[in-house]
Amino acid sequence: MMRLNLIIKIIAVLLLLTGFPFPNSFAAQDSSSFEIAVSDLSKLLRKSIAGWKNSPKTVFGGEPVYSHELVKSFYEGRSYRPAWVEDGHLTQADVLIRAIEETYGDGLTPAYYHLKLIRSLTLQVKKDLIPDRVRLVDLDILLTDAFITIGCHLSGGCVDPLTIKSQWFAKRSFVDLASVLEQALEKKKIREAVMRLRPQEASYDRLRKALSVYRSLLIRGEWPRVSAARLLRKGSMSDRVAELRRRLAASGDIADDMMGGTNVFDTELEEAVMNFQARHGLKADGVVGRETLNALNVPLKKRIRQIELNMERLRWILGNVEQRSIVVNIANFELYVVENGRTVLSMKVVVGKPYWDTPVFTSKMTYLIINPSWNVPDSIAGEEILKEIRKDHHYLARENFQVLKGWGSREEEIDSGKIDWSRITAENLPYRFRQKPGPLNPLGRLKFMLPNKFNVYLHDTPAKGLFSSNVRAFSHGCTRIEKPLELAEYLLHDDPTWTREKLLAAIDEGTEKEVNIPRPLNVHFLYLTAWVDEKGVVQFRTDIYGRDKLLDDALHGKPPFGR
């Protein structure tokens, strides 16, 4: 091959000396001719990108340029000098092709990143003695767009978590991708740069490895099913016990040598069932009932897709490295305080009912309130409080509610006994309700504020019994927490004036008080139905809000060519 290339170069030089009329696109080996070739490509790049103003942002064959704004900015920053052509030759395209292929390991779809066309154009450019200038420019744009779009998706996600709509036309990025690409091209470290753009946190890496393992399991075939019938528990004897053994062995919940054992439900099998139940968020009683059977019979392909979807959810928050944050996993009904990738405090939470579902968002927690009042939301006031008033005219006084009209300096408390409640409906309710601090207040003694458009916050609750339930979706959207005092201690430990004793004394006073958090931190409300815990155990949870399907649809929402 080297000898052939040498022969081609000698022929080209001989033809050049004889005055052979080469097209302007040919990059001769002398420096002055190469400068002309680069200039030609730069002019074509400028012309192509300028054409995006009045037409769809597309290149060869109507292929869309997803990150056209960032691509345009990138080329403007380098005076439209081609990025993937060096010394007259295509460079590092093969490395990027490999990096695109490896996005499959992140649960992404490599074909979406121009993979087929890039492969084709790269092969054609390599075959041509004199590459076509237009084809070379289109390929340069496609390679740049692929790198930047992958970078956006790995560092911040493919989908907008607030709208659950795909972000293929990237308008946001947590990193300066133009700078990353420039440095990668200069150092010839394209693949390494792509690898660094994915979240570097251990939680993401653990889930990525789990995806690889579960895909390997699928090579052996789908998991065997367990037949539906009566409960299976310790002491049961039937062919279904043998089915259960085979199913648990397939997922690694029991050793392979137990797969073909007796059809008696023994102690070892009971322990395996309990472990399976625990890592699927079920009551770990060792009894195979309806919920456990349903979890056992979820196909392996669905579990693989579940892992892929939750890798996307992690990309939403892990693109920005944070020293400390709070993560609420809605689907697991748990809150975690995370420092440098390690959980330092965790607790159970109560989240919204399926029809009052807690949203996915991120906001900064800035202060907390000791002995908070409860300003009743309009929806609850009209649908619930009015009903209680009609049933019992003493309800407001007994529950320590104020009836208010107006806001701020114009706020006025109304004597509820002088209101004809029979004439008030949810549609014409002119008042609002506030419940004073106290043992009856549903916010409990502590409220943690993180301003957001959903009016969602964390708070204490007098209904402590709710935390004993396995599925804790009981609220109207806000999040009740199991250990409010411990969380307050953690948030205020940088302020020496707020010891545990001072907090308890302030609570006992019964008066409402705002306290700023010395170091505000982000609170991420996530909906993780699959993750790998810090012990390396793969966890799955039921999709209580039906959000996996919505995210799956959005991730398949690649825009059509020519858009």
# chains A, B, ... in the order shown; residues from 1 in each chain; ligands from 1

call {"tool": "residues_around", "arguments": {"residues": "Lys47 in chain A", "least_positions_apart": "2", "cutoff": "12 Å", "atoms": "only C-alpha atoms", "output": "mmCIF file with C-alpha atoms, in the first residue's frame"}}
result
data_model
loop_
_atom_site.group_PDB
_atom_site.id
_atom_site.type_symbol
_atom_site.label_atom_id
_atom_site.label_comp_id
_atom_site.auth_asym_id
_atom_site.auth_seq_id
_atom_site.Cartn_x
_atom_site.Cartn_y
_atom_site.Cartn_z
ATOM 1 C CA ASP A 40 -11.137 26.974 -1.526
ATOM 2 C CA LEU A 41 -12.569 24.711 1.167
ATOM 3 C CA SER A 42 -12.999 27.682 3.514
ATOM 4 C CA LYS A 43 -14.935 29.578 0.866
ATOM 5 C CA LEU A 44 -17.205 26.583 0.310
ATOM 6 C CA LEU A 45 -17.721 26.186 4.068
ATOM 7 C CA ILE A 49 -23.224 27.786 6.247
ATOM 8 C CA ALA A 50 -24.429 31.147 4.915
ATOM 9 C CA GLY A 51 -27.097 29.253 2.978
ATOM 10 C CA TRP A 52 -28.663 28.069 6.251
ATOM 11 C CA LYS A 53 -30.196 31.489 6.814
ATOM 12 C CA VAL A 59 -25.994 19.156 3.875
ATOM 13 C CA LYS A 72 -21.859 27.767 12.768
ATOM 14 C CA TYR A 75 -16.530 27.517 12.076
ATOM 15 C CA GLU A 76 -16.855 31.267 12.535
ATOM 16 C CA TYR A 80 -14.209 28.751 8.293
ATOM 17 C CA VAL A 134 -18.257 19.840 -2.076
ATOM 18 C CA VAL A 137 -16.929 20.202 2.872
ATOM 19 C CA ASP A 138 -20.173 18.344 3.587
#

call {"tool": "residues_around", "arguments": {"residues": "Glu486 in chain A", "least_positions_apart": "6", "cutoff": "10 Å", "atoms": "only C-alpha atoms", "output": "PDB file with N, CA and C atoms, in the first residue's frame"}}
result
ATOM      1  N   LEU A 345     -26.284  11.035  53.660  1.00  0.00           N
ATOM      2  CA  LEU A 345     -27.535  11.011  54.415  1.00  0.00           C
ATOM      3  C   LEU A 345     -28.639  10.569  53.479  1.00  0.00           C
ATOM      4  N   SER A 346     -29.483   9.664  53.936  1.00  0.00           N
ATOM      5  CA  SER A 346     -30.606   9.216  53.114  1.00  0.00           C
ATOM      6  C   SER A 346     -31.836   9.076  53.992  1.00  0.00           C
ATOM      7  N   MET A 347     -32.994   9.166  53.362  1.00  0.00           N
ATOM      8  CA  MET A 347     -34.243   9.043  54.114  1.00  0.00           C
ATOM      9  C   MET A 347     -35.397   8.732  53.172  1.00  0.00           C
ATOM     10  N   ARG A 500     -28.090  21.427  67.025  1.00  0.00           N
ATOM     11  CA  ARG A 500     -29.316  20.631  67.144  1.00  0.00           C
ATOM     12  C   ARG A 500     -30.180  21.153  68.292  1.00  0.00           C
TER      13      ARG A 500
END

call {"tool": "atom_distance", "arguments": {"atom1": "CA of Leu185 in chain A", "atom2": "CA of Ser67 in chain A"}}
result
18.5 Å

call {"tool": "select_by_dssp", "arguments": {"residues": "range 91-146 of chain A", "states": "alpha helix (DSSP H)", "output": "ChimeraX atom specification"}}
result
/A:93-102,115-127,133-146

call {"tool": "residues_around", "arguments": {"residues": "range 259-275 of chain A", "least_positions_apart": "5", "cutoff": "9 Å", "atoms": "only C-alpha atoms", "output": "NGL selection string"}}
result
:A and (232-250 or 253-254 or 280 or 282-288 or 292)

call {"tool": "residues_around", "arguments": {"residues": "Met449 in chain A", "least_positions_apart": "4", "cutoff": "10 Å", "atoms": "only C-alpha atoms", "output": "PDB file with C-alpha atoms, in the first residue's frame"}}
result
ATOM      1  CA  SER A 363     -33.710  24.059  41.822  1.00  0.00           C
ATOM      2  CA  LYS A 364     -31.403  25.533  44.437  1.00  0.00           C
ATOM      3  CA  MET A 365     -32.354  25.217  48.103  1.00  0.00           C
ATOM      4  CA  THR A 366     -31.658  28.578  49.733  1.00  0.00           C
ATOM      5  CA  TYR A 367     -33.473  28.686  53.076  1.00  0.00           C
ATOM      6  CA  LEU A 368     -35.665  26.752  55.475  1.00  0.00           C
ATOM      7  CA  ILE A 369     -38.618  27.730  57.638  1.00  0.00           C
ATOM      8  CA  ASN A 455     -44.300  25.458  43.949  1.00  0.00           C
ATOM      9  CA  VAL A 456     -42.775  22.173  45.140  1.00  0.00           C
ATOM     10  CA  TYR A 457     -40.740  22.006  48.347  1.00  0.00           C
ATOM     11  CA  LEU A 458     -39.600  19.521  50.992  1.00  0.00           C
ATOM     12  CA  HIS A 459     -41.295  19.426  54.376  1.00  0.00           C
ATOM     13  CA  GLU A 514     -36.874  31.848  58.213  1.00  0.00           C
ATOM     14  CA  ASN A 516     -30.859  31.113  55.375  1.00  0.00           C
ATOM     15  CA  ILE A 517     -28.746  28.125  54.383  1.00  0.00           C
TER      16      ILE A 517
END

call {"tool": "residues_around", "arguments": {"residues": "Ala178 in chain A", "least_positions_apart": "3", "cutoff": "12 Å", "atoms": "only C-alpha atoms", "output": "MDAnalysis selection string"}}
result
chainID A and resid 67 69:78 83 144:145 147:149 151:152 173:175 181:185 193

call {"tool": "residues_around", "arguments": {"residues": "Ala473 in chain A", "least_positions_apart": "2", "cutoff": "8 Å", "atoms": "only C-alpha atoms", "output": "count of residues only"}}
result
8

call {"tool": "atom_distance", "arguments": {"atom1": "CA of Glu388 in chain A", "atom2": "CA of Ile507 in chain A"}}
result
28.8 Å

call {"tool": "residues_around", "arguments": {"residues": "Ile100 in chain A", "least_positions_apart": "6", "cutoff": "10 Å", "atoms": "only C-alpha atoms", "output": "PyMOL selection string"}}
result
chain A and resi 94+108-115+146-147+150+191+194

call {"tool": "select_by_dssp", "arguments": {"residues": "range 226-334 of chain A", "states": "strand (DSSP E)", "output": "MDAnalysis selection string"}}
result
chainID A and resid 324:329 334

call {"tool": "write_last_selection", "arguments": {"atoms": "N, CA and C atoms", "output": "compact mmCIF listing (two decimals), in the first residue's frame"}}
result
# COMPACT_ATOMS: atom_id res chain seq x y z
N ARG A 324 -21.62 18.87 46.26
CA ARG A 324 -22.69 18.39 47.14
C ARG A 324 -24.04 18.74 46.52
N SER A 325 -25.00 17.88 46.72
CA SER A 325 -26.35 18.11 46.19
C SER A 325 -27.31 17.18 46.91
N ILE A 326 -28.60 17.46 46.69
CA ILE A 326 -29.65 16.58 47.19
C ILE A 326 -30.35 15.97 45.98
N VAL A 327 -30.54 14.68 46.02
CA VAL A 327 -31.24 13.99 44.94
C VAL A 327 -32.47 13.31 45.53
N VAL A 328 -33.63 13.62 44.97
CA VAL A 328 -34.86 12.94 45.35
C VAL A 328 -35.23 12.00 44.21
N ASN A 329 -35.17 10.70 44.49
CA ASN A 329 -35.60 9.73 43.48
C ASN A 329 -37.08 9.45 43.72
N GLU A 334 -37.23 8.01 47.88
CA GLU A 334 -36.05 8.19 48.72
C GLU A 334 -35.38 9.52 48.42

call {"tool": "atom_distance", "arguments": {"atom1": "CA of Asp257 in chain A", "atom2": "CA of Glu534 in chain A"}}
result
27.4 Å
